[in-house]
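Below: one structure, written as structure tokens.
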Amino acid sequence: MMSEAKNRPVEAVVLAAGKGTRMKSDLAKVLHPLAGRTLLQHVLDAAAEAGIGHTVVVVGHQAQAVEDAHRGAGREFVLQAEQLGTGHAVQMAVPALDRTGYCVVLAGDVPLLRPETLRRLIAFSRDSGAAATVLTCIVPDAGAYGRILKDGEGRVVGIVEAKDATEEQLRIGEYNTGVFCYRTDRMIAALGSLTTDNVQGEYYLTDTVAWLVGQGEEVLSVSTEDPNEVAGINTVEQLAELEEVQRRREA
């Protein structure tokens, strides 16, 4: 099983459809530059350096401009005409994926993710045989991030968005970074189960976790101890902060 898993293709889906209204700019969020490259280019480079040969980029706001700036070998672009949530975005990419392999889901506004972290996530997923592996980060206060719910043996049983979480769940310090590695066939099955029964009225990709667990599938986690590596950018201030982090990395 393990040797068979190592031969299966690994693809990526990058979510890059958002407008980024809090950036207070006419430019699509993923087109903003950080240390000489667009946010999206950082993510695409990390995926390529991690050995991912085929990447599907889900575009929406300023779709043509985003595509024009990032065309390259092994890249495909699909349109999410309406932004109906992260689960819906990944659904748009499904026709372009190889169902026999693995799929890594990445966010186009998380520019400092290291290729070695992606490689570790992929290797763990293949070796464990899990239906899905989520990249988590552990901090004292996870703020607005979705909390990771686990059973007594450390397996992930669900992810609850902060807006939907109870007071007790909000005290959990391990949070969802939005980076996943799925067995693609199991991801596609789980995407078909999604509903909009939540505060935001959106299709949450995170709901695939509870569905998989309910089907008797194993969902595991790999963690990073560097919050900057998995920080998303929503404001000009956050962009400046992460640009400084990147400059220190390169120094």
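How things are named: the first chain in the structure tokens is A, the next is B, and so on; residues count from 1 in each chain; ligands count from 1 in the order shown.
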
Item to check | All residues 7 Å or closer to Gly178 (chain A), only C-alpha atoms, same chain fewer than 2 positions away omitted, as a list of chain:residue names | outcome: A:Leu106, A:Ala107, A:Asn176, A:Phe180

Item to check | Contacts of Val104 (chain A) within 7 Å, only C-alpha atoms, excl. fewer than 4 positions in-chain, as a list in words | outcome: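 My list of contacting residues is Glu11, Ala12, Val13, Phe180, Cys181 and Tyr182 of chain A.
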
Requested write-out: C-alpha atoms of the selected residues, as a PDB file, in the first residue's frame:
```
ATOM      1  CA  GLU A  11      -1.492  17.796  -7.468  1.00  0.00           C
ATOM      2  CA  ALA A  12      -2.349  21.126  -5.882  1.00  0.00           C
ATOM      3  CA  VAL A  13      -5.441  23.321  -5.874  1.00  0.00           C
ATOM      4  CA  PHE A 180      -4.776  20.051   3.451  1.00  0.00           C
ATOM      5  CA  CYS A 181      -3.517  16.932   1.726  1.00  0.00           C
ATOM      6  CA  TYR A 182      -6.300  14.579   0.628  1.00  0.00           C
TER       7      TYR A 182
END
```

How close does each residue of region 82-172 of chain A get to region 233-248 of chain A, giving the shortest atom pair and distance in Å to one decimal for every residue with an atom at most 9 Å away, counting only C-alpha atoms, sorted by chain and residue number, as JSON lines?
```
{"residue": "A:Asp109", "atom": "CA", "partner": "A:Ile233", "partner_atom": "CA", "distance": 5.6}
{"residue": "A:Val110", "atom": "CA", "partner": "A:Ile233", "partner_atom": "CA", "distance": 6.6}
{"residue": "A:Pro111", "atom": "CA", "partner": "A:Ile233", "partner_atom": "CA", "distance": 8.3}
{"residue": "A:Leu112", "atom": "CA", "partner": "A:Gln246", "partner_atom": "CA", "distance": 7.3}
```

Take the residues just selected and output them with C-alpha atoms as an mmCIF file, in the first residue's frame.
```
data_model
loop_
_atom_site.group_PDB
_atom_site.id
_atom_site.type_symbol
_atom_site.label_atom_id
_atom_site.label_comp_id
_atom_site.auth_asym_id
_atom_site.auth_seq_id
_atom_site.Cartn_x
_atom_site.Cartn_y
_atom_site.Cartn_z
ATOM 1 C CA ASP A 109 -2.811 34.599 0.132
ATOM 2 C CA VAL A 110 -0.514 32.522 2.403
ATOM 3 C CA PRO A 111 2.861 33.384 0.852
ATOM 4 C CA LEU A 112 5.449 32.181 3.368
#
```

Checklist entry - What's the 8 Å shell around Arg183 (chain A), counting only C-alpha atoms, without same-chain residues fewer than 4 positions away, as a list in words? => result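 In the requested format, the answer is Thr100, Gly101, Tyr102, Cys103, Ala130, Ala131, Ala132 and Met187 of chain A.
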
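Proximity ranking of A:Ala189, A:Val199, A:Ile138, A:Val94 relative to Ala162 (chain A) places A:Val199 first, based on only C-alpha atoms.
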
Next on the checklist: Among region 172-226 of chain A, which ones does DSSP assign to strand (DSSP E or B) (computed from the backbone)? Answer as a list in words.
Outcome noted: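 Put together, the selection reads Glu174, Tyr175, Asn176, Thr177, Gly178, Val179, Phe180, Cys181, Tyr182, Arg183, Val219, Leu220, Ser221, Val222, Ser223 and Thr224 of chain A.
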
Next on the checklist: I need the residues in region 9-197 of chain A that are alpha helix (DSSP H) according to DSSP; give them as a PyMOL selection string.
Outcome noted: chain A and resi 39-49+63-70+86-93+115-128+167-170+184-191

With N, CA and C atoms retained, could you export that selection as a compact mmCIF listing (two decimals), in the first residue's frame?
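Saved to result39.txt:
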```txt
# COMPACT_ATOMS: atom_id res chain seq x y z
N LEU A 39 1.75 37.54 -4.18
CA LEU A 39 1.41 36.57 -3.14
C LEU A 39 1.21 35.19 -3.75
N LEU A 40 0.46 35.16 -4.87
CA LEU A 40 0.18 33.88 -5.52
C LEU A 40 1.45 33.23 -6.04
N GLN A 41 2.38 34.03 -6.57
CA GLN A 41 3.62 33.45 -7.09
C GLN A 41 4.43 32.75 -5.99
N HIS A 42 4.43 33.32 -4.80
CA HIS A 42 5.10 32.67 -3.67
C HIS A 42 4.52 31.27 -3.45
N VAL A 43 3.18 31.18 -3.49
CA VAL A 43 2.51 29.90 -3.24
C VAL A 43 2.81 28.91 -4.36
N LEU A 44 2.74 29.38 -5.61
CA LEU A 44 3.03 28.51 -6.75
C LEU A 44 4.47 28.00 -6.72
N ASP A 45 5.39 28.87 -6.34
CA ASP A 45 6.80 28.47 -6.26
C ASP A 45 7.01 27.43 -5.17
N ALA A 46 6.35 27.61 -4.03
CA ALA A 46 6.47 26.63 -2.94
C ALA A 46 5.96 25.26 -3.39
N ALA A 47 4.82 25.25 -4.08
CA ALA A 47 4.26 23.98 -4.57
C ALA A 47 5.22 23.31 -5.54
N ALA A 48 5.78 24.08 -6.47
CA ALA A 48 6.71 23.51 -7.45
C ALA A 48 7.96 22.97 -6.76
N GLU A 49 8.48 23.73 -5.80
CA GLU A 49 9.69 23.30 -5.09
C GLU A 49 9.43 22.08 -4.22
N ALA A 63 -10.01 37.66 -12.77
CA ALA A 63 -9.53 36.34 -13.19
C ALA A 63 -8.50 36.41 -14.30
N GLN A 64 -8.77 37.22 -15.31
CA GLN A 64 -7.86 37.26 -16.47
C GLN A 64 -6.51 37.81 -16.08
N ALA A 65 -6.50 38.86 -15.26
CA ALA A 65 -5.23 39.46 -14.83
C ALA A 65 -4.42 38.48 -13.99
N VAL A 66 -5.10 37.75 -13.12
CA VAL A 66 -4.41 36.77 -12.27
C VAL A 66 -3.82 35.67 -13.14
N GLU A 67 -4.60 35.20 -14.10
CA GLU A 67 -4.10 34.15 -14.99
C GLU A 67 -2.94 34.66 -15.84
N ASP A 68 -3.08 35.82 -16.41
CA ASP A 68 -2.02 36.38 -17.28
C ASP A 68 -0.69 36.49 -16.54
N ALA A 69 -0.76 36.83 -15.26
CA ALA A 69 0.47 37.06 -14.49
C ALA A 69 1.13 35.77 -14.01
N HIS A 70 0.42 34.64 -14.14
CA HIS A 70 0.95 33.43 -13.49
C HIS A 70 0.93 32.19 -14.38
N THR A 86 -14.96 28.08 0.45
CA THR A 86 -13.76 27.32 0.10
C THR A 86 -14.10 25.96 -0.48
N GLY A 87 -15.15 25.32 0.04
CA GLY A 87 -15.55 24.02 -0.50
C GLY A 87 -16.01 24.14 -1.94
N HIS A 88 -16.76 25.18 -2.21
CA HIS A 88 -17.24 25.43 -3.58
C HIS A 88 -16.06 25.70 -4.51
N ALA A 89 -15.07 26.44 -4.02
CA ALA A 89 -13.89 26.74 -4.85
C ALA A 89 -13.19 25.46 -5.27
N VAL A 90 -12.99 24.54 -4.33
CA VAL A 90 -12.32 23.28 -4.66
C VAL A 90 -13.18 22.44 -5.61
N GLN A 91 -14.50 22.50 -5.44
CA GLN A 91 -15.39 21.78 -6.36
C GLN A 91 -15.15 22.22 -7.81
N MET A 92 -14.86 23.51 -8.02
CA MET A 92 -14.61 24.02 -9.37
C MET A 92 -13.38 23.36 -10.01
N ALA A 93 -12.43 22.93 -9.16
CA ALA A 93 -11.18 22.36 -9.66
C ALA A 93 -11.27 20.86 -9.95
N PRO A 115 8.46 25.09 1.27
CA PRO A 115 8.36 23.84 0.48
C PRO A 115 8.62 22.61 1.34
N GLU A 116 9.55 22.70 2.29
CA GLU A 116 9.84 21.53 3.13
C GLU A 116 8.66 21.13 4.01
N THR A 117 7.85 22.11 4.41
CA THR A 117 6.64 21.79 5.18
C THR A 117 5.64 21.05 4.30
N LEU A 118 5.50 21.50 3.06
CA LEU A 118 4.61 20.81 2.12
C LEU A 118 5.10 19.39 1.86
N ARG A 119 6.41 19.23 1.68
CA ARG A 119 6.95 17.89 1.45
C ARG A 119 6.67 16.98 2.64
N ARG A 120 6.80 17.53 3.85
CA ARG A 120 6.54 16.75 5.07
C ARG A 120 5.07 16.35 5.15
N LEU A 121 4.19 17.27 4.80
CA LEU A 121 2.76 16.99 4.81
C LEU A 121 2.42 15.87 3.81
N ILE A 122 2.97 15.97 2.61
CA ILE A 122 2.69 14.98 1.57
C ILE A 122 3.24 13.61 1.97
N ALA A 123 4.47 13.58 2.47
CA ALA A 123 5.09 12.31 2.87
C ALA A 123 4.30 11.64 3.98
N PHE A 124 3.87 12.43 4.95
CA PHE A 124 3.09 11.88 6.06
C PHE A 124 1.77 11.32 5.55
N SER A 125 1.13 12.05 4.65
CA SER A 125 -0.15 11.60 4.09
C SER A 125 0.00 10.27 3.38
N ARG A 126 1.02 10.15 2.56
CA ARG A 126 1.26 8.92 1.82
C ARG A 126 1.58 7.76 2.77
N ASP A 127 2.45 8.02 3.75
CA ASP A 127 2.89 6.95 4.65
C ASP A 127 1.77 6.48 5.57
N SER A 128 0.90 7.39 5.97
CA SER A 128 -0.15 7.05 6.94
C SER A 128 -1.35 6.37 6.29
N GLU A 167 -17.73 28.36 23.54
CA GLU A 167 -16.69 28.98 24.38
C GLU A 167 -15.56 27.98 24.68
N GLU A 168 -15.93 26.76 24.96
CA GLU A 168 -14.92 25.74 25.26
C GLU A 168 -14.03 25.46 24.05
N GLN A 169 -14.63 25.36 22.88
CA GLN A 169 -13.85 25.11 21.66
C GLN A 169 -12.92 26.27 21.33
N LEU A 170 -13.34 27.48 21.65
CA LEU A 170 -12.50 28.65 21.38
C LEU A 170 -11.21 28.65 22.22
N THR A 184 -7.32 12.10 -3.33
CA THR A 184 -8.22 12.87 -4.20
C THR A 184 -9.60 12.25 -4.32
N ASP A 185 -9.66 10.93 -4.42
CA ASP A 185 -10.98 10.29 -4.55
C ASP A 185 -11.84 10.52 -3.32
N ARG A 186 -11.23 10.51 -2.13
CA ARG A 186 -11.98 10.74 -0.91
C ARG A 186 -12.38 12.21 -0.79
N MET A 187 -11.52 13.10 -1.25
CA MET A 187 -11.86 14.53 -1.23
C MET A 187 -13.08 14.81 -2.10
N ILE A 188 -13.10 14.21 -3.29
CA ILE A 188 -14.21 14.44 -4.22
C ILE A 188 -15.52 13.93 -3.61
N ALA A 189 -15.46 12.75 -2.99
CA ALA A 189 -16.66 12.21 -2.34
C ALA A 189 -17.14 13.14 -1.23
N ALA A 190 -16.20 13.65 -0.43
CA ALA A 190 -16.56 14.53 0.69
C ALA A 190 -17.12 15.86 0.21
N LEU A 191 -16.58 16.39 -0.89
CA LEU A 191 -17.08 17.66 -1.43
C LEU A 191 -18.55 17.55 -1.82
```
